[in-house]
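What's in coords_14.cif: mmCIF, C-alpha atoms and all ligand atoms
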```
data_input
loop_
_atom_site.group_PDB
_atom_site.id
_atom_site.type_symbol
_atom_site.label_atom_id
_atom_site.label_comp_id
_atom_site.auth_asym_id
_atom_site.auth_seq_id
_atom_site.Cartn_x
_atom_site.Cartn_y
_atom_site.Cartn_z
ATOM 1 C CA MET A 90 0.000 0.000 0.000
ATOM 2 C CA THR A 91 1.358 3.397 -1.056
ATOM 3 C CA THR A 92 0.667 6.672 0.759
ATOM 4 C CA ALA A 93 1.048 9.962 -1.122
ATOM 5 C CA LEU A 94 1.045 13.508 0.281
ATOM 6 C CA VAL A 95 -0.063 16.211 -2.173
ATOM 7 C CA THR A 96 0.216 19.944 -1.434
ATOM 8 C CA GLY A 97 -2.210 22.294 -3.168
ATOM 9 C CA ALA A 98 -4.644 19.389 -3.462
ATOM 10 C CA THR A 99 -7.871 21.411 -3.578
ATOM 11 C CA ALA A 100 -7.612 22.663 -7.181
ATOM 12 C CA GLY A 101 -5.965 22.298 -10.570
ATOM 13 C CA ILE A 102 -2.882 20.137 -10.970
ATOM 14 C CA GLY A 103 -2.787 19.064 -7.300
ATOM 15 C CA LYS A 104 -6.425 17.982 -7.345
ATOM 16 C CA THR A 105 -5.771 16.028 -10.538
ATOM 17 C CA PHE A 106 -2.747 14.310 -8.953
ATOM 18 C CA SER A 107 -4.956 13.408 -5.975
ATOM 19 C CA GLU A 108 -7.661 11.946 -8.236
ATOM 20 C CA GLN A 109 -5.264 9.914 -10.377
ATOM 21 C CA LEU A 110 -3.325 8.619 -7.355
ATOM 22 C CA ALA A 111 -6.594 7.670 -5.641
ATOM 23 C CA GLN A 112 -7.735 5.917 -8.813
ATOM 24 C CA ARG A 113 -4.634 3.709 -8.753
ATOM 25 C CA GLY A 114 -5.290 2.882 -5.065
ATOM 26 C CA ASP A 115 -2.897 5.140 -3.132
ATOM 27 C CA ASP A 116 -3.934 6.378 0.304
ATOM 28 C CA LEU A 117 -3.673 10.153 0.440
ATOM 29 C CA ILE A 118 -2.726 13.058 2.668
ATOM 30 C CA LEU A 119 -4.166 16.262 1.239
ATOM 31 C CA VAL A 120 -2.687 19.670 2.126
ATOM 32 C CA ALA A 121 -4.095 23.138 1.287
ATOM 33 C CA ARG A 122 -5.714 26.089 3.084
ATOM 34 C CA ASP A 123 -9.381 25.651 2.184
ATOM 35 C CA GLU A 124 -10.759 23.240 4.809
ATOM 36 C CA ALA A 125 -14.199 22.908 3.198
ATOM 37 C CA ARG A 126 -12.698 21.905 -0.139
ATOM 38 C CA LEU A 127 -10.272 19.494 1.562
ATOM 39 C CA GLY A 128 -13.174 17.844 3.406
ATOM 40 C CA ALA A 129 -15.302 17.543 0.271
ATOM 41 C CA LEU A 130 -12.425 16.016 -1.724
ATOM 42 C CA LYS A 131 -11.674 13.535 1.090
ATOM 43 C CA THR A 132 -15.293 12.322 1.043
ATOM 44 C CA THR A 133 -15.417 12.040 -2.753
ATOM 45 C CA LEU A 134 -12.121 10.146 -3.036
ATOM 46 C CA GLU A 135 -12.836 7.787 -0.139
ATOM 47 C CA ASP A 136 -16.334 7.017 -1.488
ATOM 48 C CA SER A 137 -15.199 6.612 -5.100
ATOM 49 C CA TYR A 138 -12.023 4.597 -4.638
ATOM 50 C CA GLY A 139 -12.200 2.967 -1.163
ATOM 51 C CA ILE A 140 -8.917 4.552 -0.111
ATOM 52 C CA SER A 141 -8.124 6.328 3.149
ATOM 53 C CA VAL A 142 -7.629 10.109 3.081
ATOM 54 C CA GLU A 143 -6.085 12.328 5.751
ATOM 55 C CA VAL A 144 -6.298 16.115 5.477
ATOM 56 C CA ILE A 145 -3.855 18.687 6.839
ATOM 57 C CA PRO A 146 -5.169 22.238 6.479
ATOM 58 C CA ALA A 147 -2.090 24.457 6.253
ATOM 59 C CA ASP A 148 -0.980 27.787 4.831
ATOM 60 C CA LEU A 149 2.399 26.940 3.336
ATOM 61 C CA ALA A 150 3.450 30.589 3.472
ATOM 62 C CA ASP A 151 3.637 30.138 7.249
ATOM 63 C CA ARG A 152 6.823 28.348 8.389
ATOM 64 C CA ALA A 153 5.176 26.909 11.534
ATOM 65 C CA GLN A 154 2.362 25.395 9.457
ATOM 66 C CA VAL A 155 4.866 23.965 6.959
ATOM 67 C CA GLN A 156 6.571 22.299 9.918
ATOM 68 C CA ARG A 157 3.354 20.427 10.831
ATOM 69 C CA VAL A 158 3.365 18.915 7.332
ATOM 70 C CA ALA A 159 7.114 18.175 7.556
ATOM 71 C CA ASP A 160 6.574 16.384 10.887
ATOM 72 C CA ARG A 161 3.929 14.169 9.267
ATOM 73 C CA LEU A 162 6.338 13.341 6.409
ATOM 74 C CA ALA A 163 9.076 12.392 8.868
ATOM 75 C CA GLU A 164 6.913 10.002 10.934
ATOM 76 C CA ALA A 165 8.641 6.626 10.722
ATOM 77 C CA SER A 166 5.603 4.639 11.916
ATOM 78 C CA ARG A 167 3.314 6.021 9.164
ATOM 79 C CA PRO A 168 5.544 6.219 6.091
ATOM 80 C CA VAL A 169 4.782 8.510 3.159
ATOM 81 C CA ASP A 170 5.994 6.963 -0.108
ATOM 82 C CA LEU A 171 5.298 9.847 -2.476
ATOM 83 C CA LEU A 172 5.454 13.609 -1.882
ATOM 84 C CA VAL A 173 4.025 15.974 -4.505
ATOM 85 C CA ASN A 174 5.202 19.541 -3.808
ATOM 86 C CA ASN A 175 2.622 21.282 -5.955
ATOM 87 C CA ALA A 176 1.016 24.211 -4.065
ATOM 88 C CA GLY A 177 1.675 27.540 -5.717
ATOM 89 C CA PHE A 178 0.417 30.787 -7.125
ATOM 90 C CA GLY A 179 1.635 33.648 -9.284
ATOM 91 C CA LEU A 180 1.634 37.426 -8.954
ATOM 92 C CA ARG A 181 0.203 39.477 -11.793
ATOM 93 C CA LYS A 182 2.307 42.595 -11.409
ATOM 94 C CA ALA A 183 6.014 43.176 -11.936
ATOM 95 C CA PHE A 184 8.381 42.918 -8.952
ATOM 96 C CA LEU A 185 8.539 46.598 -7.996
ATOM 97 C CA ARG A 186 4.762 47.018 -8.261
ATOM 98 C CA ASN A 187 4.080 44.318 -5.665
ATOM 99 C CA PRO A 188 4.361 44.928 -1.924
ATOM 100 C CA VAL A 189 7.510 43.088 -0.896
ATOM 101 C CA GLU A 190 5.402 41.065 1.594
ATOM 102 C CA ASP A 191 3.550 39.477 -1.379
ATOM 103 C CA GLU A 192 6.884 38.597 -2.962
ATOM 104 C CA GLU A 193 8.065 37.041 0.325
ATOM 105 C CA ARG A 194 4.842 35.028 0.592
ATOM 106 C CA MET A 195 5.270 33.713 -2.951
ATOM 107 C CA LEU A 196 8.895 32.794 -2.267
ATOM 108 C CA ALA A 197 7.819 30.978 0.904
ATOM 109 C CA VAL A 198 5.189 28.884 -0.905
ATOM 110 C CA LEU A 199 7.151 28.225 -4.117
ATOM 111 C CA VAL A 200 10.611 27.690 -2.595
ATOM 112 C CA GLN A 201 10.774 27.487 1.203
ATOM 113 C CA ALA A 202 7.897 25.022 1.607
ATOM 114 C CA PRO A 203 9.158 22.520 -1.030
ATOM 115 C CA VAL A 204 12.672 22.727 0.423
ATOM 116 C CA VAL A 205 11.498 22.064 4.006
ATOM 117 C CA LEU A 206 9.107 19.289 2.916
ATOM 118 C CA SER A 207 11.688 17.678 0.601
ATOM 119 C CA HIS A 208 14.192 17.662 3.470
ATOM 120 C CA ALA A 209 11.763 15.867 5.778
ATOM 121 C CA ALA A 210 10.536 13.425 3.112
ATOM 122 C CA ALA A 211 13.885 12.609 1.490
ATOM 123 C CA GLY A 212 15.487 11.965 4.894
ATOM 124 C CA ALA A 213 12.765 9.482 5.870
ATOM 125 C CA MET A 214 12.723 7.899 2.394
ATOM 126 C CA ARG A 215 16.497 7.433 2.387
ATOM 127 C CA GLU A 216 16.254 5.607 5.734
ATOM 128 C CA ARG A 217 13.688 3.243 4.182
ATOM 129 C CA GLY A 218 15.612 2.875 0.907
ATOM 130 C CA HIS A 219 12.749 4.005 -1.333
ATOM 131 C CA GLY A 220 10.326 6.829 -2.034
ATOM 132 C CA THR A 221 9.527 9.476 -4.628
ATOM 133 C CA ILE A 222 9.338 13.269 -4.597
ATOM 134 C CA ILE A 223 7.676 15.209 -7.421
ATOM 135 C CA ASN A 224 8.393 18.945 -7.389
ATOM 136 C CA VAL A 225 6.052 20.980 -9.574
ATOM 137 C CA ALA A 226 8.153 23.724 -11.202
ATOM 138 C CA SER A 227 7.283 25.302 -14.568
ATOM 139 C CA VAL A 228 8.502 25.894 -18.095
ATOM 140 C CA ALA A 229 8.839 29.475 -16.779
ATOM 141 C CA GLY A 230 11.780 28.210 -14.707
ATOM 142 C CA HIS A 231 13.814 28.317 -17.930
ATOM 143 C CA LEU A 232 13.014 32.002 -18.468
ATOM 144 C CA THR A 233 14.141 35.241 -16.837
ATOM 145 C CA SER A 234 10.746 36.894 -16.463
ATOM 146 C CA GLY A 235 10.259 37.970 -12.870
ATOM 147 C CA THR A 236 10.385 36.371 -9.461
ATOM 148 C CA TYR A 237 7.911 33.566 -10.293
ATOM 149 C CA ALA A 238 10.323 32.346 -12.995
ATOM 150 C CA ALA A 239 13.252 32.762 -10.598
ATOM 151 C CA ALA A 240 11.504 30.671 -7.938
ATOM 152 C CA LYS A 241 10.706 27.906 -10.441
ATOM 153 C CA SER A 242 14.287 28.057 -11.706
ATOM 154 C CA TYR A 243 15.452 27.456 -8.129
ATOM 155 C CA LEU A 244 13.111 24.480 -7.837
ATOM 156 C CA ILE A 245 14.448 22.906 -11.040
ATOM 157 C CA ALA A 246 18.109 23.264 -9.961
ATOM 158 C CA PHE A 247 17.291 22.156 -6.405
ATOM 159 C CA SER A 248 15.426 19.058 -7.617
ATOM 160 C CA GLN A 249 18.195 18.023 -10.002
ATOM 161 C CA GLY A 250 20.760 18.364 -7.207
ATOM 162 C CA LEU A 251 18.638 16.428 -4.724
ATOM 163 C CA ALA A 252 17.961 13.727 -7.340
ATOM 164 C CA SER A 253 21.720 13.108 -7.614
ATOM 165 C CA GLU A 254 22.203 13.229 -3.832
ATOM 166 C CA VAL A 255 19.627 10.527 -3.070
ATOM 167 C CA GLU A 256 19.748 8.416 -6.236
ATOM 168 C CA SER A 257 22.007 5.713 -4.812
ATOM 169 C CA SER A 258 19.707 5.270 -1.797
ATOM 170 C CA GLY A 259 16.749 4.311 -4.002
ATOM 171 C CA VAL A 260 14.889 7.634 -3.705
ATOM 172 C CA LEU A 261 13.622 9.262 -6.906
ATOM 173 C CA VAL A 262 13.203 13.012 -7.375
ATOM 174 C CA THR A 263 11.345 14.213 -10.473
ATOM 175 C CA VAL A 264 10.791 17.861 -11.341
ATOM 176 C CA LEU A 265 7.643 18.501 -13.357
ATOM 177 C CA CYS A 266 7.764 21.496 -15.725
ATOM 178 C CA PRO A 267 4.250 22.295 -16.951
ATOM 179 C CA GLY A 268 3.515 24.930 -19.540
ATOM 180 C CA PHE A 269 0.244 26.894 -19.533
ATOM 181 C CA THR A 270 -2.362 24.622 -17.965
ATOM 182 C CA ARG A 271 -6.119 25.126 -17.563
ATOM 183 C CA THR A 272 -6.579 25.428 -13.775
ATOM 184 C CA GLU A 273 -7.566 28.188 -11.332
ATOM 185 C CA PHE A 274 -4.013 29.584 -11.444
ATOM 186 C CA HIS A 275 -4.539 32.457 -13.914
ATOM 187 C CA GLU A 276 -7.930 33.473 -12.543
ATOM 188 C CA ARG A 277 -6.557 33.614 -8.972
ATOM 189 C CA ALA A 278 -3.676 35.813 -10.166
ATOM 190 C CA GLU A 279 -6.070 37.912 -12.282
ATOM 191 C CA ILE A 280 -3.999 37.106 -15.348
ATOM 192 C CA LYS A 281 -5.951 37.163 -18.604
ATOM 193 C CA GLY A 282 -4.888 34.206 -20.727
ATOM 194 C CA GLU A 283 -6.386 35.519 -23.978
ATOM 195 C CA ALA A 284 -3.028 36.399 -25.554
ATOM 196 C CA ILE A 285 -1.842 32.817 -25.130
ATOM 197 C CA PRO A 286 -2.436 30.763 -28.305
ATOM 198 C CA LYS A 287 -4.786 27.790 -27.913
ATOM 199 C CA PHE A 288 -2.147 25.211 -28.847
ATOM 200 C CA MET A 289 -0.032 26.287 -25.848
ATOM 201 C CA TRP A 290 -2.643 25.186 -23.295
ATOM 202 C CA LEU A 291 -2.369 21.817 -21.544
ATOM 203 C CA GLN A 292 -5.122 19.893 -19.759
ATOM 204 C CA ALA A 293 -4.292 18.872 -16.182
ATOM 205 C CA ASP A 294 -5.487 15.278 -16.712
ATOM 206 C CA ALA A 295 -3.094 14.533 -19.567
ATOM 207 C CA LEU A 296 -0.288 16.474 -17.864
ATOM 208 C CA VAL A 297 -0.488 14.451 -14.647
ATOM 209 C CA ARG A 298 -0.774 11.170 -16.575
ATOM 210 C CA ASP A 299 2.392 12.075 -18.528
ATOM 211 C CA CYS A 300 4.207 13.007 -15.326
ATOM 212 C CA LEU A 301 3.297 9.744 -13.566
ATOM 213 C CA ARG A 302 4.499 7.850 -16.651
ATOM 214 C CA ASP A 303 7.822 9.740 -16.476
ATOM 215 C CA VAL A 304 8.085 8.923 -12.756
ATOM 216 C CA ALA A 305 7.534 5.220 -13.539
ATOM 217 C CA ARG A 306 10.413 5.547 -16.033
ATOM 218 C CA ARG A 307 12.484 7.182 -13.245
ATOM 219 C CA LYS A 308 13.032 10.415 -15.198
ATOM 220 C CA THR A 309 14.476 13.408 -13.334
ATOM 221 C CA ILE A 310 12.739 16.019 -15.533
ATOM 222 C CA SER A 311 9.186 15.674 -16.806
ATOM 223 C CA VAL A 312 7.997 18.070 -19.520
ATOM 224 C CA PRO A 313 4.465 17.123 -20.602
ATOM 225 C CA GLY A 314 3.046 18.085 -23.999
ATOM 226 C CA ALA A 315 4.656 17.780 -27.451
ATOM 227 C CA GLN A 316 4.786 21.584 -27.870
ATOM 228 C CA TYR A 317 6.765 22.038 -24.628
ATOM 229 C CA LYS A 318 8.961 18.995 -25.299
ATOM 230 C CA ALA A 319 10.048 20.904 -28.434
ATOM 231 C CA ILE A 320 10.422 24.326 -26.760
ATOM 232 C CA VAL A 321 12.158 23.473 -23.468
ATOM 233 C CA PRO A 322 15.419 22.038 -24.934
ATOM 234 C CA LEU A 323 15.759 25.271 -26.972
ATOM 235 C CA LEU A 324 15.185 27.402 -23.864
ATOM 236 C CA ARG A 325 17.851 25.415 -22.013
ATOM 237 C CA ILE A 326 20.524 26.238 -24.585
ATOM 238 C CA ALA A 327 19.353 29.742 -25.554
ATOM 239 C CA PRO A 328 21.705 32.563 -24.468
ATOM 240 C CA ARG A 329 20.381 34.449 -21.413
ATOM 241 C CA ARG A 330 20.569 37.671 -23.453
ATOM 242 C CA LEU A 331 17.933 36.316 -25.870
ATOM 243 C CA LEU A 332 15.722 35.058 -23.043
ATOM 244 C CA ARG A 333 15.798 38.528 -21.472
ATOM 245 C CA ASN A 334 15.105 40.476 -24.648
ATOM 246 C CA GLY A 335 13.339 38.011 -26.905
ATOM 247 C CA LYS A 336 9.680 37.742 -27.804
ATOM 248 C CA ILE A 337 9.187 34.561 -25.792
ATOM 249 C CA VAL A 338 9.850 36.517 -22.622
ATOM 250 C CA ALA A 339 7.502 39.303 -23.627
ATOM 251 C CA LYS A 340 4.660 36.753 -23.644
ATOM 252 C CA HIS A 341 5.468 35.642 -20.092
ATOM 253 C CA ARG A 342 6.451 38.997 -18.659
ATOM 254 C CA PRO A 343 4.277 40.032 -15.704
ATOM 255 C CA ASN A 344 2.105 43.127 -16.229
ATOM 256 C CA LYS A 345 3.940 46.369 -15.559
HETATM 257 N N1 LIG B 1 -1.556 26.473 -14.369
HETATM 258 C C1 LIG B 1 -0.432 26.717 -15.011
HETATM 259 O O1 LIG B 1 -0.433 27.249 -16.150
HETATM 260 C C2 LIG B 1 0.895 26.311 -14.396
HETATM 261 C C3 LIG B 1 2.019 26.268 -15.231
HETATM 262 C C4 LIG B 1 3.241 25.906 -14.703
HETATM 263 C C5 LIG B 1 3.350 25.581 -13.373
HETATM 264 N N2 LIG B 1 2.256 25.636 -12.564
HETATM 265 C C6 LIG B 1 2.426 25.299 -11.138
HETATM 266 O O2 LIG B 1 1.563 24.235 -10.805
HETATM 267 C C7 LIG B 1 1.272 24.274 -9.416
HETATM 268 C C8 LIG B 1 -0.228 24.131 -9.218
HETATM 269 O O3 LIG B 1 -0.882 25.238 -9.811
HETATM 270 P P1 LIG B 1 -2.327 25.133 -10.476
HETATM 271 O O4 LIG B 1 -2.185 25.615 -11.871
HETATM 272 O O5 LIG B 1 -2.931 23.818 -10.209
HETATM 273 O O6 LIG B 1 -3.060 26.308 -9.652
HETATM 274 P P2 LIG B 1 -4.479 26.352 -8.884
HETATM 275 O O7 LIG B 1 -5.518 25.671 -9.694
HETATM 276 O O8 LIG B 1 -4.680 27.782 -8.543
HETATM 277 O O9 LIG B 1 -4.212 25.496 -7.558
HETATM 278 C C9 LIG B 1 -3.287 25.940 -6.601
HETATM 279 C C10 LIG B 1 -3.328 25.052 -5.369
HETATM 280 O O10 LIG B 1 -2.328 25.518 -4.447
HETATM 281 C C11 LIG B 1 -2.941 25.741 -3.182
HETATM 282 N N3 LIG B 1 -2.272 26.851 -2.503
HETATM 283 C C12 LIG B 1 -2.067 28.110 -2.968
HETATM 284 N N4 LIG B 1 -1.483 28.873 -2.019
HETATM 285 C C13 LIG B 1 -1.297 28.057 -0.935
HETATM 286 C C14 LIG B 1 -0.759 28.266 0.366
HETATM 287 N N5 LIG B 1 -0.310 29.460 0.765
HETATM 288 N N6 LIG B 1 -0.732 27.220 1.224
HETATM 289 C C15 LIG B 1 -1.220 26.020 0.857
HETATM 290 N N7 LIG B 1 -1.746 25.760 -0.354
HETATM 291 C C16 LIG B 1 -1.791 26.777 -1.247
HETATM 292 C C17 LIG B 1 -4.410 26.035 -3.477
HETATM 293 O O11 LIG B 1 -5.260 25.634 -2.412
HETATM 294 P P3 LIG B 1 -5.940 26.574 -1.290
HETATM 295 O O12 LIG B 1 -6.388 27.834 -1.972
HETATM 296 O O13 LIG B 1 -7.059 25.723 -0.752
HETATM 297 O O14 LIG B 1 -4.858 26.798 -0.281
HETATM 298 C C18 LIG B 1 -4.662 25.096 -4.653
HETATM 299 O O15 LIG B 1 -4.979 23.814 -4.197
HETATM 300 C C19 LIG B 1 1.855 25.598 -8.895
HETATM 301 O O16 LIG B 1 3.078 25.334 -8.236
HETATM 302 C C20 LIG B 1 2.076 26.407 -10.163
HETATM 303 O O17 LIG B 1 3.118 27.340 -9.997
HETATM 304 C C21 LIG B 1 1.024 25.989 -13.054
#
```

Since I need it in another form, could you write the structure as structure tokens?
Amino acid sequence: MTTALVTGATAGIGKTFSEQLAQRGDDLILVARDEARLGALKTTLEDSYGISVEVIPADLADRAQVQRVADRLAEASRPVDLLVNNAGFGLRKAFLRNPVEDEERMLAVLVQAPVVLSHAAAGAMRERGHGTIINVASVAGHLTSGTYAAAKSYLIAFSQGLASEVESSGVLVTVLCPGFTRTEFHERAEIKGEAIPKFMWLQADALVRDCLRDVARRKTISVPGAQYKAIVPLLRIAPRRLLRNGKIVAKHRPNK
């Protein structure tokens, strides 16, 4: 029996991970802020798939609340086999137009929380000789367009480093790099997605299925969608100068 902990489980990509993991029979621990949504999802998944679901309401911008989740991950008597660090959000405005407190909150959720939770999970998994961590970064992590991209860039580099550190102990770390995906993300950030061409949009269902297939193949980087599989290798080798000044960045640049 496998137990998976998913952060940001109440919507979008995290909810889809929870549904697909439940469908394959994993027990779940769901983490997010919205207690009513967590409770409703627990009931649906337990009733539909006969699995057991725990919920941990937590604001991952708050270090003390992150610690409660980390403590659960480190519990030796109730092992967690899979951690999905997925919770996240974006800021619509450019860096200097946001209160610095908003920037700090985003950094805490996108970087500090996955680092703290990966530390707790990877330590326990290494002791047991197996386990998997999926860190949800972004194609934006290959760009230089604001602090969201910088945070996702950190997560990609961090995940690749951790993957090497724990590989020999049987622990797998995969970093998922989604492109534009239909979820609540853009609406929450008040970002209008109209300028984004239709072919660039991914569906969360297919994205999560692709990622779980890549995890089964023990890949370190998962880039779902043929369009992004073509774009990402080019972004990786493109000179920084072009990424800063090129048209691709203009599309992703936060509103001024
Ligand atoms: N959608 C895209 O185009 C896209 C592209 C690339 C990468 N991503 C990444 O994919 C991940 C999931 O995003 P999504 O598109 O699924 O967005 P979403 O539909 O808005 O879902 C975000 C989830 O994160 C949770 N969350 C947000 N702030 C939180 C906090 N402070 N503490 C705990 N949970 C929090 C939300 O739950 P509560 O509100 O209940 O807390 C929700 O469950 C993010 O890391 C995002 O950066 C998204």

Can you pull out every residue with an atom within 8 Å of ligand LIG 1 (chain B)? Use only C-alpha atoms and all ligand atoms and format it as a tab-separated table (two decimals) with C-alpha atoms, keeping the file's coordinate frame.
```
chain	number	residue	atom	x	y	z
A	96	THR	CA	0.22	19.94	-1.43
A	97	GLY	CA	-2.21	22.29	-3.17
A	98	ALA	CA	-4.64	19.39	-3.46
A	99	THR	CA	-7.87	21.41	-3.58
A	100	ALA	CA	-7.61	22.66	-7.18
A	101	GLY	CA	-5.96	22.30	-10.57
A	102	ILE	CA	-2.88	20.14	-10.97
A	103	GLY	CA	-2.79	19.06	-7.30
A	104	LYS	CA	-6.42	17.98	-7.34
A	120	VAL	CA	-2.69	19.67	2.13
A	121	ALA	CA	-4.10	23.14	1.29
A	122	ARG	CA	-5.71	26.09	3.08
A	123	ASP	CA	-9.38	25.65	2.18
A	124	GLU	CA	-10.76	23.24	4.81
A	126	ARG	CA	-12.70	21.90	-0.14
A	127	LEU	CA	-10.27	19.49	1.56
A	146	PRO	CA	-5.17	22.24	6.48
A	147	ALA	CA	-2.09	24.46	6.25
A	148	ASP	CA	-0.98	27.79	4.83
A	149	LEU	CA	2.40	26.94	3.34
A	150	ALA	CA	3.45	30.59	3.47
A	151	ASP	CA	3.64	30.14	7.25
A	174	ASN	CA	5.20	19.54	-3.81
A	175	ASN	CA	2.62	21.28	-5.96
A	176	ALA	CA	1.02	24.21	-4.07
A	177	GLY	CA	1.68	27.54	-5.72
A	178	PHE	CA	0.42	30.79	-7.12
A	179	GLY	CA	1.64	33.65	-9.28
A	194	ARG	CA	4.84	35.03	0.59
A	195	MET	CA	5.27	33.71	-2.95
A	198	VAL	CA	5.19	28.88	-0.90
A	199	LEU	CA	7.15	28.22	-4.12
A	225	VAL	CA	6.05	20.98	-9.57
A	226	ALA	CA	8.15	23.72	-11.20
A	227	SER	CA	7.28	25.30	-14.57
A	228	VAL	CA	8.50	25.89	-18.10
A	229	ALA	CA	8.84	29.48	-16.78
A	237	TYR	CA	7.91	33.57	-10.29
A	241	LYS	CA	10.71	27.91	-10.44
A	266	CYS	CA	7.76	21.50	-15.72
A	267	PRO	CA	4.25	22.30	-16.95
A	268	GLY	CA	3.52	24.93	-19.54
A	269	PHE	CA	0.24	26.89	-19.53
A	270	THR	CA	-2.36	24.62	-17.96
A	271	ARG	CA	-6.12	25.13	-17.56
A	272	THR	CA	-6.58	25.43	-13.78
A	273	GLU	CA	-7.57	28.19	-11.33
A	274	PHE	CA	-4.01	29.58	-11.44
A	275	HIS	CA	-4.54	32.46	-13.91
A	276	GLU	CA	-7.93	33.47	-12.54
A	277	ARG	CA	-6.56	33.61	-8.97
A	290	TRP	CA	-2.64	25.19	-23.30
A	291	LEU	CA	-2.37	21.82	-21.54
A	293	ALA	CA	-4.29	18.87	-16.18
```

For Glu143 in chain A, find every residue with an atom within 9 Å (counting only C-alpha atoms), except residues of its own chain fewer than 6 positions away, and show them as an mmCIF file with C-alpha atoms, in the coordinates of the input.
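Writing the result to result.cif gives the following:
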```cif
data_model
loop_
_atom_site.group_PDB
_atom_site.id
_atom_site.type_symbol
_atom_site.label_atom_id
_atom_site.label_comp_id
_atom_site.auth_asym_id
_atom_site.auth_seq_id
_atom_site.Cartn_x
_atom_site.Cartn_y
_atom_site.Cartn_z
ATOM 1 C CA ASP A 116 -3.934 6.378 0.304
ATOM 2 C CA LEU A 117 -3.673 10.153 0.440
ATOM 3 C CA ILE A 118 -2.726 13.058 2.668
ATOM 4 C CA LEU A 119 -4.166 16.262 1.239
ATOM 5 C CA VAL A 120 -2.687 19.670 2.126
ATOM 6 C CA LYS A 131 -11.674 13.535 1.090
#
```

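The gap separating CA of Leu244 in chain A from CA of Ala163 in chain A is 21.0 Å, in Å to one decimal.
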
message: On this structure, the PyMOL selection byres (((chain A and resi 251-258) around 8) and not hetatm) would catch which residues? List them as a VMD selection string, sorted by chain and number.
response: chain A and resid 211 215 218 to 219 247 to 250 259 to 263 309

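Between Asn224 in chain A and the residues A:Val204, A:Leu110, A:Val189, A:Leu162, the shortest atom-to-atom distance, using all atoms listed in the file, involves A:Val204.
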
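Residues matched by the PyMOL selection byres (((chain A and resi 320) around 12) and not hetatm) in this file: A:Val228, A:Ala229, A:His231, A:Leu232, A:Cys266, A:Pro267, A:Gly268, A:Met289, A:Val312, A:Pro313, A:Gly314, A:Ala315, A:Gln316, A:Tyr317, A:Lys318, A:Ala319, A:Val321, A:Pro322, A:Leu323, A:Leu324, A:Arg325, A:Ile326, A:Ala327, A:Ile337.
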